[in-house]
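What's in start_24.pdb: PDB, C-alpha atoms and all ligand atoms
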```pdb
MODEL        1
ATOM      1  CA  MET A1182      -8.581 -10.821  53.917
ATOM      2  CA  THR A1183      -5.528 -12.108  52.101
ATOM      3  CA  GLY A1184      -1.881 -11.049  52.091
ATOM      4  CA  ALA A1185      -2.455  -9.654  48.579
ATOM      5  CA  ASP A1186      -5.204  -7.362  49.935
ATOM      6  CA  LEU A1187      -2.769  -6.031  52.495
ATOM      7  CA  VAL A1188      -0.010  -5.551  49.898
ATOM      8  CA  ASP A1189      -2.446  -3.510  47.777
ATOM      9  CA  GLY A1190      -3.584  -1.501  50.781
ATOM     10  CA  LEU A1191      -0.078  -0.659  51.968
ATOM     11  CA  ARG A1192       0.837   0.487  48.433
ATOM     12  CA  LYS A1193      -2.287   2.679  48.373
ATOM     13  CA  LEU A1194      -0.935   4.339  51.512
ATOM     14  CA  GLY A1195       2.146   5.247  49.454
ATOM     15  CA  LEU A1196       4.535   2.826  51.121
ATOM     16  CA  ASP A1197       7.381   1.352  49.047
ATOM     17  CA  ARG A1198      10.886  -0.132  49.299
ATOM     18  CA  THR A1199      12.279   3.207  50.530
ATOM     19  CA  SER A1200       9.869   3.266  53.515
ATOM     20  CA  GLU A1201      10.916   2.809  57.138
ATOM     21  CA  VAL A1202       7.969   1.960  59.401
ATOM     22  CA  ILE A1203       7.357   1.167  63.040
ATOM     23  CA  VAL A1204       4.415  -1.258  63.072
ATOM     24  CA  HIS A1205       1.880  -1.584  65.897
ATOM     25  CA  SER A1206      -0.691  -4.244  65.146
ATOM     26  CA  SER A1207      -3.638  -6.409  66.106
ATOM     27  CA  LEU A1208      -4.171  -9.558  64.037
ATOM     28  CA  SER A1209      -7.723 -10.052  65.336
ATOM     29  CA  SER A1210      -8.701  -6.556  64.137
ATOM     30  CA  PHE A1211      -8.641  -7.838  60.538
ATOM     31  CA  GLY A1212     -11.200 -10.551  61.097
ATOM     32  CA  TYR A1213     -10.275 -13.723  59.209
ATOM     33  CA  VAL A1214      -6.850 -13.530  57.535
ATOM     34  CA  ASP A1215      -5.923 -16.185  55.003
ATOM     35  CA  GLY A1216      -2.427 -17.274  56.099
ATOM     36  CA  GLY A1217      -2.725 -15.576  59.490
ATOM     37  CA  ALA A1218       0.029 -13.457  61.027
ATOM     38  CA  GLU A1219       2.610 -14.845  58.572
ATOM     39  CA  ALA A1220       0.653 -13.370  55.660
ATOM     40  CA  VAL A1221       0.636  -9.973  57.391
ATOM     41  CA  CYS A1222       4.402 -10.105  58.054
ATOM     42  CA  SER A1223       5.128 -11.140  54.450
ATOM     43  CA  ALA A1224       3.013  -8.287  53.099
ATOM     44  CA  LEU A1225       4.831  -5.776  55.306
ATOM     45  CA  THR A1226       8.306  -6.922  54.253
ATOM     46  CA  GLU A1227       7.266  -7.238  50.596
ATOM     47  CA  VAL A1228       6.034  -3.641  50.378
ATOM     48  CA  CYS A1229       8.202  -1.732  52.850
ATOM     49  CA  GLY A1230      11.977  -1.328  52.970
ATOM     50  CA  THR A1231      12.558  -1.562  56.711
ATOM     51  CA  VAL A1232      10.025  -2.853  59.245
ATOM     52  CA  LEU A1233      10.565  -2.154  62.961
ATOM     53  CA  MET A1234       8.444  -3.866  65.634
ATOM     54  CA  PRO A1235       8.378  -4.072  69.415
ATOM     55  CA  ALA A1236       9.869  -7.222  70.906
ATOM     56  CA  GLY A1237       9.581  -6.640  74.662
ATOM     57  CA  THR A1238       9.807  -9.441  77.213
ATOM     58  CA  TRP A1239       8.583  -7.628  80.332
ATOM     59  CA  ASP A1240       6.143 -10.375  81.348
ATOM     60  CA  LEU A1241       9.028 -12.818  81.728
ATOM     61  CA  THR A1242      11.968 -10.636  82.749
ATOM     62  CA  GLY A1243      10.346  -7.853  84.800
ATOM     63  CA  ILE A1244      10.802  -7.718  88.591
ATOM     64  CA  PRO A1245       9.754  -5.273  91.350
ATOM     65  CA  ALA A1246      12.052  -2.542  92.645
ATOM     66  CA  PRO A1247      14.290  -3.746  95.450
ATOM     67  CA  PRO A1248      13.217  -2.856  99.000
ATOM     68  CA  GLY A1249      13.870   0.778  99.915
ATOM     69  CA  LEU A1250      14.814   1.948  96.420
ATOM     70  CA  VAL A1251      12.263   4.690  95.680
ATOM     71  CA  ARG A1252      12.892   7.083  92.801
ATOM     72  CA  PRO A1253      10.890  10.341  92.768
ATOM     73  CA  HIS A1254       7.692  10.279  90.653
ATOM     74  CA  ASN A1255       8.329   6.691  89.616
ATOM     75  CA  ALA A1256       4.933   5.045  90.323
ATOM     76  CA  TYR A1257       6.256   1.556  90.940
ATOM     77  CA  TRP A1258       6.188  -1.031  93.691
ATOM     78  CA  ASN A1259       8.950  -2.425  95.862
ATOM     79  CA  ALA A1260       9.512  -5.965  97.059
ATOM     80  CA  GLU A1261       8.627  -6.177 100.749
ATOM     81  CA  SER A1262      12.002  -7.515 101.876
ATOM     82  CA  TRP A1263      15.310  -8.695 100.426
ATOM     83  CA  PRO A1264      14.268 -12.360 100.739
ATOM     84  CA  ASP A1265      11.068 -11.485  98.840
ATOM     85  CA  PHE A1266      13.111  -9.605  96.209
ATOM     86  CA  ASP A1267      15.583 -12.479  95.845
ATOM     87  CA  LYS A1268      12.662 -14.889  95.416
ATOM     88  CA  ARG A1269      11.123 -12.733  92.683
ATOM     89  CA  VAL A1270      14.460 -12.483  90.882
ATOM     90  CA  SER A1271      14.888 -16.254  91.066
ATOM     91  CA  GLU A1272      11.368 -16.767  89.669
ATOM     92  CA  ALA A1273      11.833 -14.328  86.763
ATOM     93  CA  THR A1274      13.279 -15.466  83.441
ATOM     94  CA  SER A1275      16.731 -14.212  82.430
ATOM     95  CA  PHE A1276      16.685 -12.144  79.267
ATOM     96  CA  ARG A1277      17.857 -14.106  76.231
ATOM     97  CA  PRO A1278      17.504 -13.083  72.580
ATOM     98  CA  GLU A1279      15.346 -16.136  71.839
ATOM     99  CA  LEU A1280      12.674 -15.359  74.458
ATOM    100  CA  PRO A1281       9.104 -15.036  73.135
ATOM    101  CA  ILE A1282       7.657 -11.536  72.843
ATOM    102  CA  ASP A1283       5.047 -10.343  75.359
ATOM    103  CA  ARG A1284       1.580 -11.539  74.334
ATOM    104  CA  TRP A1285      -0.009  -8.158  74.993
ATOM    105  CA  LEU A1286       2.012  -6.810  72.037
ATOM    106  CA  GLY A1287      -0.022  -9.102  69.768
ATOM    107  CA  THR A1288       0.568 -12.171  67.625
ATOM    108  CA  ILE A1289       2.162 -10.330  64.718
ATOM    109  CA  PRO A1290       5.440  -9.293  66.490
ATOM    110  CA  GLU A1291       6.066 -12.854  67.693
ATOM    111  CA  THR A1292       5.375 -14.239  64.207
ATOM    112  CA  PHE A1293       7.665 -11.568  62.725
ATOM    113  CA  ARG A1294      10.421 -12.654  65.129
ATOM    114  CA  LEU A1295      10.029 -16.300  64.133
ATOM    115  CA  THR A1296       9.677 -15.813  60.375
ATOM    116  CA  CYS A1297      11.160 -12.500  59.191
ATOM    117  CA  SER A1298      13.419 -10.760  61.637
ATOM    118  CA  PRO A1299      17.153 -11.296  61.490
ATOM    119  CA  PHE A1300      17.935  -8.754  64.243
ATOM    120  CA  ARG A1301      16.722  -8.121  67.778
ATOM    121  CA  THR A1302      18.109  -5.840  70.460
ATOM    122  CA  GLU A1303      19.050  -7.089  73.916
ATOM    123  CA  HIS A1304      17.252  -4.588  76.142
ATOM    124  CA  PRO A1305      16.018  -6.801  79.013
ATOM    125  CA  LEU A1306      12.514  -5.223  79.113
ATOM    126  CA  PHE A1307      11.954  -3.230  75.963
ATOM    127  CA  SER A1308      13.624  -5.012  73.091
ATOM    128  CA  TYR A1309      13.014  -4.134  69.414
ATOM    129  CA  GLN A1310      13.348  -6.171  66.229
ATOM    130  CA  ALA A1311      13.696  -5.119  62.620
ATOM    131  CA  ALA A1312      14.132  -6.429  59.091
ATOM    132  CA  GLY A1313      15.345  -4.561  56.017
ATOM    133  CA  PRO A1314      18.235  -2.369  54.900
ATOM    134  CA  ALA A1315      18.024   0.073  57.850
ATOM    135  CA  ALA A1316      17.466  -2.617  60.505
ATOM    136  CA  GLU A1317      20.964  -2.505  61.951
ATOM    137  CA  ARG A1318      21.047   1.308  62.024
ATOM    138  CA  LEU A1319      17.736   1.438  63.914
ATOM    139  CA  LEU A1320      18.565  -1.290  66.407
ATOM    140  CA  GLU A1321      22.066   0.016  67.136
ATOM    141  CA  ALA A1322      20.389   3.220  68.338
ATOM    142  CA  GLN A1323      19.034   1.427  71.397
ATOM    143  CA  ARG A1324      21.074   1.516  74.594
ATOM    144  CA  PRO A1325      20.155   0.008  77.975
ATOM    145  CA  ASP A1326      19.521   3.555  79.242
ATOM    146  CA  TRP A1327      17.728   4.719  76.068
ATOM    147  CA  PRO A1328      15.137   2.112  75.095
ATOM    148  CA  LEU A1329      13.317   4.273  72.538
ATOM    149  CA  GLY A1330      16.516   4.805  70.510
ATOM    150  CA  PRO A1331      15.200   2.814  67.494
ATOM    151  CA  LEU A1332      12.174   5.118  67.246
ATOM    152  CA  GLU A1333      14.465   8.122  67.509
ATOM    153  CA  ALA A1334      16.589   6.754  64.646
ATOM    154  CA  LEU A1335      13.581   5.861  62.465
ATOM    155  CA  ASP A1336      13.341   8.035  59.356
ATOM    156  CA  GLY A1337       9.807   7.276  58.312
ATOM    157  CA  ASP A1338       6.305   6.530  59.499
ATOM    158  CA  VAL A1339       4.161   5.044  62.224
ATOM    159  CA  LEU A1340       1.912   2.292  60.851
ATOM    160  CA  LEU A1341      -1.108   1.354  62.960
ATOM    161  CA  LEU A1342      -2.687  -1.939  61.825
ATOM    162  CA  GLY A1343      -6.070  -2.104  63.506
ATOM    163  CA  VAL A1344      -4.872  -0.468  66.736
ATOM    164  CA  THR A1345      -5.361   3.022  68.150
ATOM    165  CA  HIS A1346      -2.803   5.597  69.262
ATOM    166  CA  THR A1347      -2.786   3.878  72.668
ATOM    167  CA  SER A1348      -0.228   1.578  70.969
ATOM    168  CA  ASN A1349       1.742   4.453  69.409
ATOM    169  CA  THR A1350       5.047   4.422  71.314
ATOM    170  CA  THR A1351       6.389   7.363  69.275
ATOM    171  CA  ILE A1352       4.140   9.576  71.432
ATOM    172  CA  HIS A1353       6.230   8.407  74.414
ATOM    173  CA  LEU A1354       9.411   9.477  72.599
ATOM    174  CA  ALA A1355       8.055  13.026  72.280
ATOM    175  CA  GLU A1356       7.009  12.958  75.944
ATOM    176  CA  GLN A1357      10.490  11.885  76.980
ATOM    177  CA  TYR A1358      12.057  14.768  75.033
ATOM    178  CA  LEU A1359       9.866  17.013  77.246
ATOM    179  CA  GLY A1360      10.986  15.350  80.482
ATOM    180  CA  ARG A1361       7.797  13.323  80.885
ATOM    181  CA  SER A1362       7.141   9.554  81.040
ATOM    182  CA  ARG A1363      10.670   8.584  82.057
ATOM    183  CA  PHE A1364      10.371   5.749  84.548
ATOM    184  CA  TYR A1365      12.872   3.445  86.221
ATOM    185  CA  ARG A1366      12.052  -0.246  85.995
ATOM    186  CA  TYR A1367      13.854  -3.450  86.927
ATOM    187  CA  ALA A1368      14.653  -6.667  85.088
ATOM    188  CA  LYS A1369      16.545  -9.902  85.343
ATOM    189  CA  SER A1370      19.167  -9.353  82.657
ATOM    190  CA  ALA A1371      21.075 -12.635  83.069
ATOM    191  CA  ASP A1372      21.221 -15.530  85.528
ATOM    192  CA  GLY A1373      21.838 -14.076  88.992
ATOM    193  CA  LEU A1374      21.941 -10.489  87.670
ATOM    194  CA  TRP A1375      19.309  -7.758  87.928
ATOM    195  CA  VAL A1376      19.465  -4.225  86.560
ATOM    196  CA  GLU A1377      17.781  -0.854  86.963
ATOM    197  CA  LEU A1378      16.698   0.514  83.585
ATOM    198  CA  PRO A1379      15.925   4.236  83.132
ATOM    199  CA  ASN A1380      13.721   6.002  80.577
ATOM    200  CA  ILE A1381      11.092   3.278  80.391
ATOM    201  CA  PRO A1382       7.907   4.931  79.049
ATOM    202  CA  GLY A1383       4.698   5.152  81.052
ATOM    203  CA  GLU A1384       0.975   4.986  80.548
ATOM    204  CA  SER A1385      -0.677   5.416  77.144
ATOM    205  CA  HIS A1386      -4.369   4.755  77.779
ATOM    206  CA  GLN A1387      -5.347   8.345  76.891
ATOM    207  CA  PHE A1388      -3.200   8.625  73.754
ATOM    208  CA  ASP A1389      -6.121   8.387  71.341
ATOM    209  CA  LEU A1390      -6.919  11.979  72.324
ATOM    210  CA  ILE A1391      -4.155  12.922  69.853
ATOM    211  CA  GLU A1392      -6.239  11.659  66.917
ATOM    212  CA  PRO A1393      -7.933  14.979  65.922
ATOM    213  CA  VAL A1394      -4.564  16.800  65.944
ATOM    214  CA  LEU A1395      -3.061  14.181  63.618
ATOM    215  CA  ARG A1396      -6.032  13.806  61.281
ATOM    216  CA  SER A1397      -4.644  15.972  58.479
ATOM    217  CA  ALA A1398      -1.284  14.152  58.567
ATOM    218  CA  THR A1399      -2.878  10.685  58.582
ATOM    219  CA  LYS A1400      -3.409   8.507  55.505
ATOM    220  CA  GLN A1401      -5.843   5.718  56.164
ATOM    221  CA  ILE A1402      -7.642   2.843  54.506
ATOM    222  CA  GLN A1403      -9.852  -0.009  55.593
ATOM    223  CA  ILE A1404      -8.687  -3.594  54.985
ATOM    224  CA  GLY A1405     -11.057  -6.305  56.100
ATOM    225  CA  ASN A1406     -12.368  -5.058  59.434
ATOM    226  CA  ALA A1407      -9.149  -3.210  60.238
ATOM    227  CA  ARG A1408      -8.434   0.484  59.999
ATOM    228  CA  ILE A1409      -4.878   0.936  58.688
ATOM    229  CA  ARG A1410      -3.220   4.267  59.366
ATOM    230  CA  ARG A1411       0.082   5.747  58.222
ATOM    231  CA  ILE A1412       1.316   8.841  60.071
ATOM    232  CA  PRO A1413       4.721  10.484  59.548
ATOM    233  CA  LYS A1414       6.837  10.041  62.690
ATOM    234  CA  GLN A1415       7.697  13.754  62.656
ATOM    235  CA  ALA A1416       3.982  14.644  62.689
ATOM    236  CA  VAL A1417       3.474  12.465  65.786
ATOM    237  CA  LEU A1418       6.402  14.153  67.539
ATOM    238  CA  ALA A1419       5.200  17.641  66.576
ATOM    239  CA  ALA A1420       1.590  17.018  67.619
ATOM    240  CA  THR A1421       2.637  15.565  70.979
ATOM    241  CA  SER A1422       5.009  18.472  71.665
ATOM    242  CA  GLN A1423       2.305  20.969  70.755
ATOM    243  CA  LEU A1424      -0.192  19.346  73.126
ATOM    244  CA  VAL A1425       2.185  18.828  76.063
ATOM    245  CA  GLU A1426       3.733  22.296  75.750
ATOM    246  CA  GLY A1427       0.203  23.720  75.846
ATOM    247  CA  ASP A1428      -0.880  21.579  78.802
ATOM    248  CA  PRO A1429       1.534  19.497  80.912
ATOM    249  CA  ALA A1430      -1.310  17.020  81.566
ATOM    250  CA  ALA A1431      -2.208  16.548  77.878
ATOM    251  CA  LEU A1432      -2.743  12.886  76.885
ATOM    252  CA  LEU A1433      -2.741  11.844  80.568
ATOM    253  CA  CYS A1434      -5.665  10.903  82.814
ATOM    254  CA  THR A1435      -6.196  13.302  85.691
ATOM    255  CA  ASP A1436      -8.910  11.555  87.715
ATOM    256  CA  ASP A1437      -6.921   8.582  89.037
ATOM    257  CA  PRO A1438      -4.092   9.529  91.458
ATOM    258  CA  THR A1439      -2.850   5.921  91.472
ATOM    259  CA  CYS A1440      -2.281   5.861  87.686
ATOM    260  CA  ARG A1441       1.245   6.339  86.324
ATOM    261  CA  CYS A1442      -0.159   9.358  84.464
ATOM    262  CA  ALA A1443      -0.029  11.325  87.737
ATOM    263  CA  ALA A1444       3.693  10.562  88.174
ATOM    264  CA  ALA A1445       4.374  11.467  84.530
ATOM    265  CA  LEU A1446       2.716  14.852  85.083
ATOM    266  CA  GLN A1447       4.881  15.460  88.170
ATOM    267  CA  GLN A1448       7.981  14.672  86.086
ATOM    268  CA  ARG A1449       6.976  17.265  83.494
ATOM    269  CA  LEU A1450       6.257  19.881  86.174
ATOM    270  CA  ALA A1451       9.630  19.167  87.837
ATOM    271  CA  SER A1452      11.336  19.514  84.464
ATOM    272  CA  LEU A1453       9.604  22.868  83.838
ATOM    273  CA  ALA A1454      10.509  24.082  87.352
ATOM    274  CA  GLY A1455      14.140  23.087  86.754
ATOM    275  CA  LYS A1456      14.267  25.170  83.583
ATOM    276  CA  ALA A1457      12.539  28.216  85.133
TER     277      ALA A1457
HETATM  278 ZN    ZN B1501      -3.726   7.285  83.512
ENDMDL
END
```

Could you render the structure from this file as structure tokens?
Amino acid sequence: MTGADLVDGLRKLGLDRTSEVIVHSSLSSFGYVDGGAEAVCSALTEVCGTVLMPAGTWDLTGIPAPPGLVRPHNAYWNAESWPDFDKRVSEATSFRPELPIDRWLGTIPETFRLTCSPFRTEHPLFSYQAAGPAAERLLEAQRPDWPLGPLEALDGDVLLLGVTHTSNTTIHLAEQYLGRSRFYRYAKSADGLWVELPNIPGESHQFDLIEPVLRSATKQIQIGNARIRRIPKQAVLAATSQLVEGDPAALLCTDDPTCRCAAALQQRLASLAGKA
């Protein structure tokens, strides 16, 4: 596959300079790419107007909850003692805008950061980056207590490059509107400073169950070995709301009580009970 193949493919999906997209990607899904991740990033910025990508640093900046701090339905672990907590904080990396992006997000976001992206937010766990005319508007929508703000501000589409809906964070945004998948997590935000961060999304390993509901709204093509899908953000929000309003456990696993899915379900049930 070449960058030109990807440019053609993205145009076939109807994307153009007016498009705003959140991109979730897997470079290896394409097979061999001439020019590698840089070719993919160039194709995205050549075709689309504004490209938004995750830029989280959790692997470096994340820490356990301090001892004794237990939020309801939070599915997280505490340091055993204050000395243990202090040690973990000292071993974590302070958030800085130039930190590399978590590897589990793929090679493409890190390449995008290094080659294309003039802006990045400063959320210590769940940063975003963007390039294009709407980049500042999207990134300014993130606050420390509202990490999914850029997705909320996005006026456009979800673009899945060779990944499934298990990477589709917009599903988490819809969950959070319904009182589900709002977790507290902890990070080293600067030297000697740690913070509690609310509204961090939860588990997504069952999210591909949304696929049949989104099929009619999805445009897709095959490029190389990769399946490329474009889904309007509003369709993702509507489909998730429909499923979760019909079944509070939709898109969650229900056979593993230790999974964060169980805590997310309890959050939704508590939210429904509060409204009753
Ligand atoms: Zn689960």

Would you write out, as CSV, a table of all residues in chain A that have an atom no more than 12 Å from an atom of ligand ZN 1501 (chain B), listing for each the closest atom pair and the distance in Å to one decimal, considering only C-alpha atoms and all ligand atoms and ordering rows by chain and rising residue number?
```
residue,atom,partner,partner_atom,distance
A:Ala1256,CA,B:ZN1501,ZN,11.2
A:Thr1347,CA,B:ZN1501,ZN,11.4
A:Ser1362,CA,B:ZN1501,ZN,11.4
A:Gly1383,CA,B:ZN1501,ZN,9.0
A:Glu1384,CA,B:ZN1501,ZN,6.0
A:Ser1385,CA,B:ZN1501,ZN,7.3
A:His1386,CA,B:ZN1501,ZN,6.3
A:Gln1387,CA,B:ZN1501,ZN,6.9
A:Phe1388,CA,B:ZN1501,ZN,9.9
A:Ala1430,CA,B:ZN1501,ZN,10.2
A:Ala1431,CA,B:ZN1501,ZN,10.9
A:Leu1432,CA,B:ZN1501,ZN,8.7
A:Leu1433,CA,B:ZN1501,ZN,5.5
A:Cys1434,CA,B:ZN1501,ZN,4.2
A:Thr1435,CA,B:ZN1501,ZN,6.9
A:Asp1436,CA,B:ZN1501,ZN,7.9
A:Asp1437,CA,B:ZN1501,ZN,6.5
A:Pro1438,CA,B:ZN1501,ZN,8.3
A:Thr1439,CA,B:ZN1501,ZN,8.1
A:Cys1440,CA,B:ZN1501,ZN,4.6
A:Arg1441,CA,B:ZN1501,ZN,5.8
A:Cys1442,CA,B:ZN1501,ZN,4.2
A:Ala1443,CA,B:ZN1501,ZN,6.9
A:Ala1444,CA,B:ZN1501,ZN,9.4
A:Ala1445,CA,B:ZN1501,ZN,9.2
A:Leu1446,CA,B:ZN1501,ZN,10.1
```

Take the residues from that selection and put them in a file with C-alpha atoms, as an mmCIF file, keeping the file's coordinate frame.
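Below is the file again01.cif, written as the result:
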```
data_model
loop_
_atom_site.group_PDB
_atom_site.id
_atom_site.type_symbol
_atom_site.label_atom_id
_atom_site.label_comp_id
_atom_site.auth_asym_id
_atom_site.auth_seq_id
_atom_site.Cartn_x
_atom_site.Cartn_y
_atom_site.Cartn_z
ATOM 1 C CA ALA A 1256 4.933 5.045 90.323
ATOM 2 C CA THR A 1347 -2.786 3.878 72.668
ATOM 3 C CA SER A 1362 7.141 9.554 81.040
ATOM 4 C CA GLY A 1383 4.698 5.152 81.052
ATOM 5 C CA GLU A 1384 0.975 4.986 80.548
ATOM 6 C CA SER A 1385 -0.677 5.416 77.144
ATOM 7 C CA HIS A 1386 -4.369 4.755 77.779
ATOM 8 C CA GLN A 1387 -5.347 8.345 76.891
ATOM 9 C CA PHE A 1388 -3.200 8.625 73.754
ATOM 10 C CA ALA A 1430 -1.310 17.020 81.566
ATOM 11 C CA ALA A 1431 -2.208 16.548 77.878
ATOM 12 C CA LEU A 1432 -2.743 12.886 76.885
ATOM 13 C CA LEU A 1433 -2.741 11.844 80.568
ATOM 14 C CA CYS A 1434 -5.665 10.903 82.814
ATOM 15 C CA THR A 1435 -6.196 13.302 85.691
ATOM 16 C CA ASP A 1436 -8.910 11.555 87.715
ATOM 17 C CA ASP A 1437 -6.921 8.582 89.037
ATOM 18 C CA PRO A 1438 -4.092 9.529 91.458
ATOM 19 C CA THR A 1439 -2.850 5.921 91.472
ATOM 20 C CA CYS A 1440 -2.281 5.861 87.686
ATOM 21 C CA ARG A 1441 1.245 6.339 86.324
ATOM 22 C CA CYS A 1442 -0.159 9.358 84.464
ATOM 23 C CA ALA A 1443 -0.029 11.325 87.737
ATOM 24 C CA ALA A 1444 3.693 10.562 88.174
ATOM 25 C CA ALA A 1445 4.374 11.467 84.530
ATOM 26 C CA LEU A 1446 2.716 14.852 85.083
#
```

Skipping near chain neighbours, those fewer than 5 positions away, what residues fall within 10 Å of Ala1316 of chain A using only C-alpha atoms, listed as number ranges by chain? A: 1201, 1230-1233, 1298-1301, 1310-1311, 1321, 1331, 1335

Using C-alpha atoms, can you write the selected residues to a file as a compact mmCIF listing (two decimals), keeping the file's coordinate frame?
```
# COMPACT_ATOMS: atom_id res chain seq x y z
CA GLU A 1201 10.92 2.81 57.14
CA GLY A 1230 11.98 -1.33 52.97
CA THR A 1231 12.56 -1.56 56.71
CA VAL A 1232 10.02 -2.85 59.24
CA LEU A 1233 10.56 -2.15 62.96
CA SER A 1298 13.42 -10.76 61.64
CA PRO A 1299 17.15 -11.30 61.49
CA PHE A 1300 17.93 -8.75 64.24
CA ARG A 1301 16.72 -8.12 67.78
CA GLN A 1310 13.35 -6.17 66.23
CA ALA A 1311 13.70 -5.12 62.62
CA GLU A 1321 22.07 0.02 67.14
CA PRO A 1331 15.20 2.81 67.49
CA LEU A 1335 13.58 5.86 62.46
```

Any chance you could resolve the PyMOL selection byres (((chain A and resi 1240-1254) around 9) and not hetatm) against this file and give the residues as an MDAnalysis selection string? chainID A and resid 1237:1239 1255:1263 1265:1267 1269:1270 1273:1276 1280:1284 1305:1306 1364:1370 1375 1377 1441 1443:1448

Chain and number of each residue from the PyMOL selection byres (((chain A and resi 1336) around 9) and not hetatm), as a count of residues only: 12

Got a sec: who's within 8 Å of His1304 of chain A, counting all atoms listed in the file, leaving out chain neighbours fewer than 6 positions off, as a PDB file with C-alpha atoms, in the frame of the given file?
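Saved as selection.pdb:
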```
ATOM      1  CA  GLN A1323      19.034   1.427  71.397  1.00  0.00           C
ATOM      2  CA  ARG A1324      21.074   1.516  74.594  1.00  0.00           C
ATOM      3  CA  PRO A1325      20.155   0.008  77.975  1.00  0.00           C
ATOM      4  CA  PRO A1328      15.137   2.112  75.095  1.00  0.00           C
TER       5      PRO A1328
END
```

Just give me the residues with any atom within 8 Å of (-0.4, -8.3, 51.1), file coordinates, counting all atoms listed in the file, written as an MDAnalysis selection string. chainID A and resid 1183:1191 1220:1221 1223:1225 1227:1228

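Separating atom CA of Ser1348 of chain A from atom CA of Thr1226 of chain A is a distance of 20.6 Å.
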
Report, in Å to a single decimal, how far apart atom CA of Arg1408 of chain A and atom CA of Met1182 of chain A are.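 Value for the atom CA of Met1182 of chain A-atom CA of Arg1408 of chain A distance: 12.8 Å.
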
Produce a table with one row for each residue of segment 1334-1403 of chain A that has an atom at most 10 Å from any atom of segment 1208-1215 of chain A, each row naming the nearest atom pair and its distance in Å at one decimal; use all atoms listed in the file; arrange rows by chain and rising residue number; format as JSON lines.
```
{"residue": "A:Leu1342", "atom": "CA", "partner": "A:Ser1210", "partner_atom": "CA", "distance": 7.9}
{"residue": "A:Gly1343", "atom": "CA", "partner": "A:Ser1210", "partner_atom": "CA", "distance": 5.2}
{"residue": "A:Val1344", "atom": "CA", "partner": "A:Ser1210", "partner_atom": "CA", "distance": 7.6}
{"residue": "A:Gln1403", "atom": "CA", "partner": "A:Phe1211", "partner_atom": "CA", "distance": 9.3}
```

May I have the residues within 7 Å of Arg1411 of chain A as a ChimeraX atom specification, using all atoms listed in the file and disregarding those fewer than 6 positions away in the same chain? /A:1194,1338-1341,1399-1401

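The residues returned by the PyMOL selection byres (((chain A and resi 1417-1424) around 8) and not hetatm) on the shown structure are Thr1351, Ile1352, Leu1354, Ala1355, Glu1356, Leu1359, Ile1391, Val1394, Leu1395, Ile1412, Pro1413, Lys1414, Gln1415, Ala1416, Val1425, Glu1426, Gly1427, Asp1428, Pro1429, Ala1431 and Leu1432 of chain A.
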
State, in Å with one decimal place, the distance from atom CA of Arg1198 of chain A to atom CA of Ala1322 of chain A. 21.5 Å
